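Notes follow the structure.
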Amino acid sequence: MALIKLALAGEGGQGVQSIAEILAEAAYEENKQAIYIPNFGVEQRGGVSIAFLQVSDQRIGAPKFNKADVVIALSKRAVSRTVRYSDSNTIYVYDSSISVDEEEMPKEAKKIIGLPAIDTANEKLHPRVFNMIIMGAVIGFTNIVSFGSAKFALEKKLGAKFERDPKLRELNYQALEIGRQMAEEALKEGVAN
Amino acid sequence: MALPATPKSWYLPTKPHKFCPGCGHGIVLKALGEAIDELEIQDKIVFGCDIGCSLLSWNFFACDSTQTHHGRTTPVMVGIKRARPELIAVGYMGDGGGYSIGSQHLLNAAVRNEKITVILVNNTNYGMTGGQMAPTTLPGQKTETTPYGRDPEITGYPTKGPEFVAALTSDTAYVARGTVSKYKQLKRYIKNALRNQMEGNGFSFVEVLSTCPTNWRTNAQQTWSFLEDEMEKYFPVGEFKNPFGKGEK
Amino acid sequence: MQKVVENTKKAFLTGNEAAAWAALAAGAEIMFGYPITPQNEIMHYWTRLAPKYGRNFLQTEDEISAGFTVCGAVQAGKKAFTATAGPGNTLMQEPFSMAEAMRLPLVAIIQQRGGPSSGTVIYSQQEVTLTTFGGNGEGHRIVYSTSSHQEIYDYIIKAFNTAWKYRFPTFVLGDGYQAKMREPLEMYDPEERGIELVKTFPLVGLEGKIGEEREPQHLCNIYSMEEELYEVVMKFAAEYEAISPEVVEYEEKECEDAEILILAHGVVSRAADDAVKALRAQGIKAGYFRPITLRPFPGKQLREAIAKSGAKKMLIAESAYGQFDRLVKQEIYGETIQINNLFMPGVGIIDTDIISKVKSIID
């Protein structure tokens, strides 16, 4: 597998760091090299949170990158913080429930995709599994890890909670699956830039 | 004529000591030396001092000793004691080191109830550097940096160390203020401060009112009068916290 | 002492977590620390793990105190360490200077953040000057600049040995990226690997009855006469020079026929390594030279690399405005190689930054 570079951004509490952490753990479980850096800027508390994740079969060089293969922005502010990571090879994804003007979107992208993750979580599942839809979508866009490894890493992180509430496990798995399907659909249709 | 008896824990190759004539440090260190002898802890003591006049004590005792920067004796002693709780750590410092540049260390060691003993000599000025204002300089007192007398409007009032240390520590701490004019009492306070550490109770602190005729520019009578009439009036002598009971004020 | 890592194992950790494990594996007995980003998690992991292995921790009132308590603890004969960054590193120069003056085996882990002043809490290589030559001294320190979690683990274990063997304060210089990122590494018990842990010894609080079995110890770092200080510093300098050849570490790749040498240290050397590979693939003969010890500096080895390659140009890349560059230049004074810079203070450097800079230089 060639190097995959991913930037995930959202409001504090949207769970972007958890997604990156679980994906990094899953990649490690697959014996891949993985580097995950949480954004730990001054906005660590209450602000835009960015996670940078790189996964590869080879040793990874610099921990940071200038342009991502996939950017996912989950709020208006997250969009303005992440347009800089997009170039003509980037799939730029935002949540379609947020209103962003055309000029705020990245000037360069391979594809810009609006994903109805927040609405889907609220309407079909549960607001708290919104970030699992996003994680499923990341897998759908990149195949960064296998679905099985993602579930394994998820179990490692949330296993105790799942034991107490087995329905939660189902809900998370469903969200993952929905996310992946959304991504695959979007890649087929998408909005070409 | 027989020489006055010196404490066994004094290190004789460095005697006579280097303090100025009339300086109170020698009296404080004699009280400490006798207390160490009577408690039979010479081999367990780690003595620490910083720079300033207290520096001249760095090789004063026949005890393991170390020296550090101005104000940093307290954390060095904390490090030693935390690493080797069986040792008895004694920090020796002046009022500038303890109340000014190292005040955060003194304050926090007191709050954490560090099981060390701090002996702080208050002579109302920075002696070694040439007699500048100290946190303890009395209102109206002339120093090199308050040539017209300390004006509390500009520089505040003198630091009352044992009072603030007592306010911060737990009841297992020992806090007292002695004076070189009352030797037996001073030795008792220092002994209590060492015993308190030996028994693992908590922080032990003794401020000692002392003399500095060199920088005060006083003769013998004026020196003693400044100590007993001015200083002891402003800085009350006594035990502020005493886990052994029998507190006196 | 209880074994911390029974069997060699792969792990996927943050650099700060790897640092705490390494200090435990090295047999560190007490940590003194004060919160500052990005080193906080070293304390967090240490405080969780240490009690399980009978080790101690004290959160001090500030970094000055953290440094001086370490000075006290090592004088008492215990393996002690601290960790800090940025303004905390500035404050710790005072105790670090005492450690230099008294030859105390102090170990400090520095996770560089942006500067000057509060800077950023994120990343930089701007604490090179401070860590190598900070304080009112002569830089008689040993500084390892790591570039991966494996190295954080390896060099923290090594740092304790170096400090106690040579009695020069020893630093492991990381950065915010290395602190916060997660990547795989292998953890091991040093003794299982044949790494003997250097024994500690007290400087105060010695055994034996004073006056009968031994003399009292009187340690000091202040001198009455300028000649006294001179003797001491010259003796330290001579000892430092003497041990330098066995302490120096560096990494060199593709220098034999290089037309341009790329110099980087720490995490930036990963980008330099990638850049050299990419440039070679494009037919550009680039070489890679990385000092692992910034103090003492592998100056002799760098001169040899310049000589054998015959390179006419050099690129020095760092996330600072010339701090590493100054170290390099003073070591290769007199060489005629053209020196070019890629200075990106407080910002990460990636391979493409270096590649395009190299192309602009050789065109």
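Residue numbering restarts at 1 in every chain; chains get A, B, ... in the order shown in the structure tokens, and ligands count up from 1 in that same order.
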Members of segment 62-218 of chain B assigned strand (DSSP E or B) by DSSP, as a VMD selection string: chain B and resid 64 to 67 88 to 94 117 to 122 125 to 126 132 to 133 143 146 174 to 179 204 to 209
Who sits within 12 Å of segment 90-107 of chain A, only C-alpha atoms, same chain under 4 positions skipped, as a PyMOL selection string: chain A and resi 4-10+14+66-86+111-122+130-131+133-134+137-138+140-142+179+182-183+186-187+190-193
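The two atoms in question, atom CA of Tyr333 of chain C and atom CA of Ala275 of chain C, are spaced 26.3 Å apart.
The space between atom CA of Gly119 of chain C and atom CA of Pro38 of chain C spans 12.1 Å.
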Counting only C-alpha atoms, chain B residues within 6 Å of chain C, as a PyMOL selection string: chain B and resi 59+62-67+75-76+79-80+83
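Take atom CA of Asp273 of chain C and atom CA of Ile332 of chain C: the distance between them is 21.7 Å.
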Interface list for chain C, partner chain A, 12 Å threshold, only C-alpha atoms, as an NGL selection string: :C and (10-15 or 37-39 or 113-114 or 118-123 or 147-149 or 175-185 or 266-278 or 347-354)
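For the choices A:Val145, A:Ala160, A:Met132, A:Ile50, the atom-to-atom distance to Glu177 of chain A is smallest for A:Met132 when using only C-alpha atoms.
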Shell around segment 30-36 of chain B at 10 Å using only C-alpha atoms, local window under 4 positions removed, as a VMD selection string: chain B and resid 6 to 11 25 to 26 40 to 45 60 to 63 90 119 180 183 to 195
DSSP alpha helix (DSSP H) residues within segment 19-112 of chain B, as an NGL selection string: :B and (25-39 or 73-83 or 95-96 or 103-111)
Just the selected residues (N, CA, C and O atoms), exported as a short mmCIF file (atom, residue, chain, number, x, y, z; two decimals), in the first residue's frame, please.
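Written out: result.cif:
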data_model
loop_
_atom_site.label_atom_id
_atom_site.label_comp_id
_atom_site.auth_asym_id
_atom_site.auth_seq_id
_atom_site.Cartn_x
_atom_site.Cartn_y
_atom_site.Cartn_z
N HIS B 25 25.78 35.01 62.21
CA HIS B 25 25.80 33.66 61.60
C HIS B 25 26.52 32.64 62.49
O HIS B 25 26.08 31.51 62.62
N GLY B 26 27.66 33.09 63.06
CA GLY B 26 28.45 32.16 63.88
C GLY B 26 27.63 31.61 65.04
O GLY B 26 27.76 30.42 65.39
N ILE B 27 26.80 32.45 65.62
CA ILE B 27 25.97 32.01 66.76
C ILE B 27 24.92 31.00 66.29
O ILE B 27 24.69 29.97 66.93
N VAL B 28 24.30 31.29 65.14
CA VAL B 28 23.28 30.38 64.61
C VAL B 28 23.92 29.01 64.31
O VAL B 28 23.37 27.96 64.66
N LEU B 29 25.10 29.06 63.71
CA LEU B 29 25.75 27.81 63.32
C LEU B 29 26.29 27.05 64.53
O LEU B 29 26.40 25.83 64.50
N LYS B 30 26.56 27.79 65.60
CA LYS B 30 26.96 27.10 66.82
C LYS B 30 25.75 26.38 67.43
O LYS B 30 25.86 25.21 67.84
N ALA B 31 24.63 27.08 67.44
CA ALA B 31 23.41 26.45 67.96
C ALA B 31 23.06 25.21 67.14
O ALA B 31 22.70 24.16 67.68
N LEU B 32 23.19 25.34 65.81
CA LEU B 32 22.91 24.20 64.95
C LEU B 32 23.90 23.07 65.21
O LEU B 32 23.51 21.89 65.32
N GLY B 33 25.17 23.43 65.35
CA GLY B 33 26.20 22.41 65.62
C GLY B 33 25.93 21.67 66.91
O GLY B 33 26.03 20.44 66.97
N GLU B 34 25.60 22.39 67.95
CA GLU B 34 25.33 21.74 69.24
C GLU B 34 24.06 20.87 69.16
O GLU B 34 24.01 19.78 69.74
N ALA B 35 23.08 21.37 68.43
CA ALA B 35 21.85 20.58 68.27
C ALA B 35 22.15 19.26 67.54
O ALA B 35 21.67 18.20 67.93
N ILE B 36 22.98 19.35 66.49
CA ILE B 36 23.37 18.14 65.75
C ILE B 36 24.11 17.17 66.68
O ILE B 36 23.83 15.96 66.67
N ASP B 37 25.01 17.71 67.46
CA ASP B 37 25.77 16.86 68.40
C ASP B 37 24.83 16.17 69.39
O ASP B 37 24.93 14.96 69.61
N GLU B 38 23.96 16.96 69.98
CA GLU B 38 23.09 16.40 71.03
C GLU B 38 22.13 15.37 70.47
O GLU B 38 21.77 14.41 71.15
N LEU B 39 21.72 15.56 69.23
CA LEU B 39 20.80 14.59 68.62
C LEU B 39 21.57 13.43 67.96
O LEU B 39 20.95 12.49 67.45
N THR B 73 18.33 26.60 47.55
CA THR B 73 18.65 25.58 48.55
C THR B 73 17.44 24.71 48.86
O THR B 73 17.57 23.49 48.98
N THR B 74 16.29 25.34 48.96
CA THR B 74 15.10 24.56 49.32
C THR B 74 14.85 23.43 48.32
O THR B 74 14.76 22.27 48.73
N PRO B 75 14.75 23.71 47.01
CA PRO B 75 14.51 22.56 46.11
C PRO B 75 15.64 21.53 46.09
O PRO B 75 15.36 20.34 45.93
N VAL B 76 16.88 21.96 46.26
CA VAL B 76 17.96 20.96 46.29
C VAL B 76 17.76 20.04 47.50
O VAL B 76 17.88 18.81 47.40
N MET B 77 17.40 20.62 48.63
CA MET B 77 17.17 19.81 49.84
C MET B 77 15.96 18.90 49.65
O MET B 77 15.96 17.74 50.08
N VAL B 78 14.93 19.43 48.98
CA VAL B 78 13.74 18.62 48.71
C VAL B 78 14.14 17.42 47.84
O VAL B 78 13.71 16.29 48.10
N GLY B 79 14.97 17.68 46.83
CA GLY B 79 15.41 16.59 45.96
C GLY B 79 16.17 15.52 46.72
O GLY B 79 15.95 14.32 46.53
N ILE B 80 17.05 15.96 47.60
CA ILE B 80 17.84 15.01 48.40
C ILE B 80 16.93 14.19 49.31
O ILE B 80 17.02 12.96 49.38
N LYS B 81 16.03 14.89 49.97
CA LYS B 81 15.17 14.21 50.95
C LYS B 81 14.20 13.24 50.26
O LYS B 81 13.96 12.13 50.75
N ARG B 82 13.68 13.68 49.10
CA ARG B 82 12.75 12.80 48.38
C ARG B 82 13.48 11.56 47.85
O ARG B 82 12.90 10.48 47.77
N ALA B 83 14.74 11.77 47.49
CA ALA B 83 15.52 10.63 46.96
C ALA B 83 15.94 9.70 48.10
O ALA B 83 15.97 8.48 47.92
N ASP B 95 17.62 35.91 54.26
CA ASP B 95 16.26 36.41 54.03
C ASP B 95 16.02 36.71 52.55
O ASP B 95 14.92 36.52 52.05
N GLY B 96 17.06 37.13 51.83
CA GLY B 96 16.90 37.37 50.40
C GLY B 96 16.63 36.06 49.67
O GLY B 96 15.71 35.95 48.87
N SER B 103 11.34 32.56 47.20
CA SER B 103 10.11 32.51 48.00
C SER B 103 9.13 31.46 47.50
O SER B 103 8.43 30.82 48.28
N GLN B 104 9.11 31.28 46.16
CA GLN B 104 8.17 30.27 45.65
C GLN B 104 8.55 28.88 46.14
O GLN B 104 7.68 28.03 46.34
N HIS B 105 9.83 28.65 46.32
CA HIS B 105 10.27 27.32 46.78
C HIS B 105 9.93 27.13 48.25
O HIS B 105 9.44 26.07 48.64
N LEU B 106 10.19 28.16 49.04
CA LEU B 106 9.90 28.08 50.48
C LEU B 106 8.40 27.87 50.69
O LEU B 106 7.96 26.98 51.42
N LEU B 107 7.63 28.70 49.98
CA LEU B 107 6.17 28.64 50.11
C LEU B 107 5.64 27.26 49.74
O LEU B 107 4.85 26.65 50.48
N ASN B 108 6.09 26.73 48.61
CA ASN B 108 5.55 25.46 48.15
C ASN B 108 6.09 24.27 48.94
O ASN B 108 5.38 23.28 49.12
N ALA B 109 7.33 24.38 49.42
CA ALA B 109 7.84 23.31 50.29
C ALA B 109 7.01 23.27 51.57
O ALA B 109 6.70 22.19 52.09
N ALA B 110 6.63 24.44 52.05
CA ALA B 110 5.79 24.52 53.25
C ALA B 110 4.42 23.92 52.97
O ALA B 110 3.90 23.11 53.76
N VAL B 111 3.84 24.28 51.84
CA VAL B 111 2.51 23.77 51.50
C VAL B 111 2.54 22.24 51.35
O VAL B 111 1.65 21.54 51.82
#
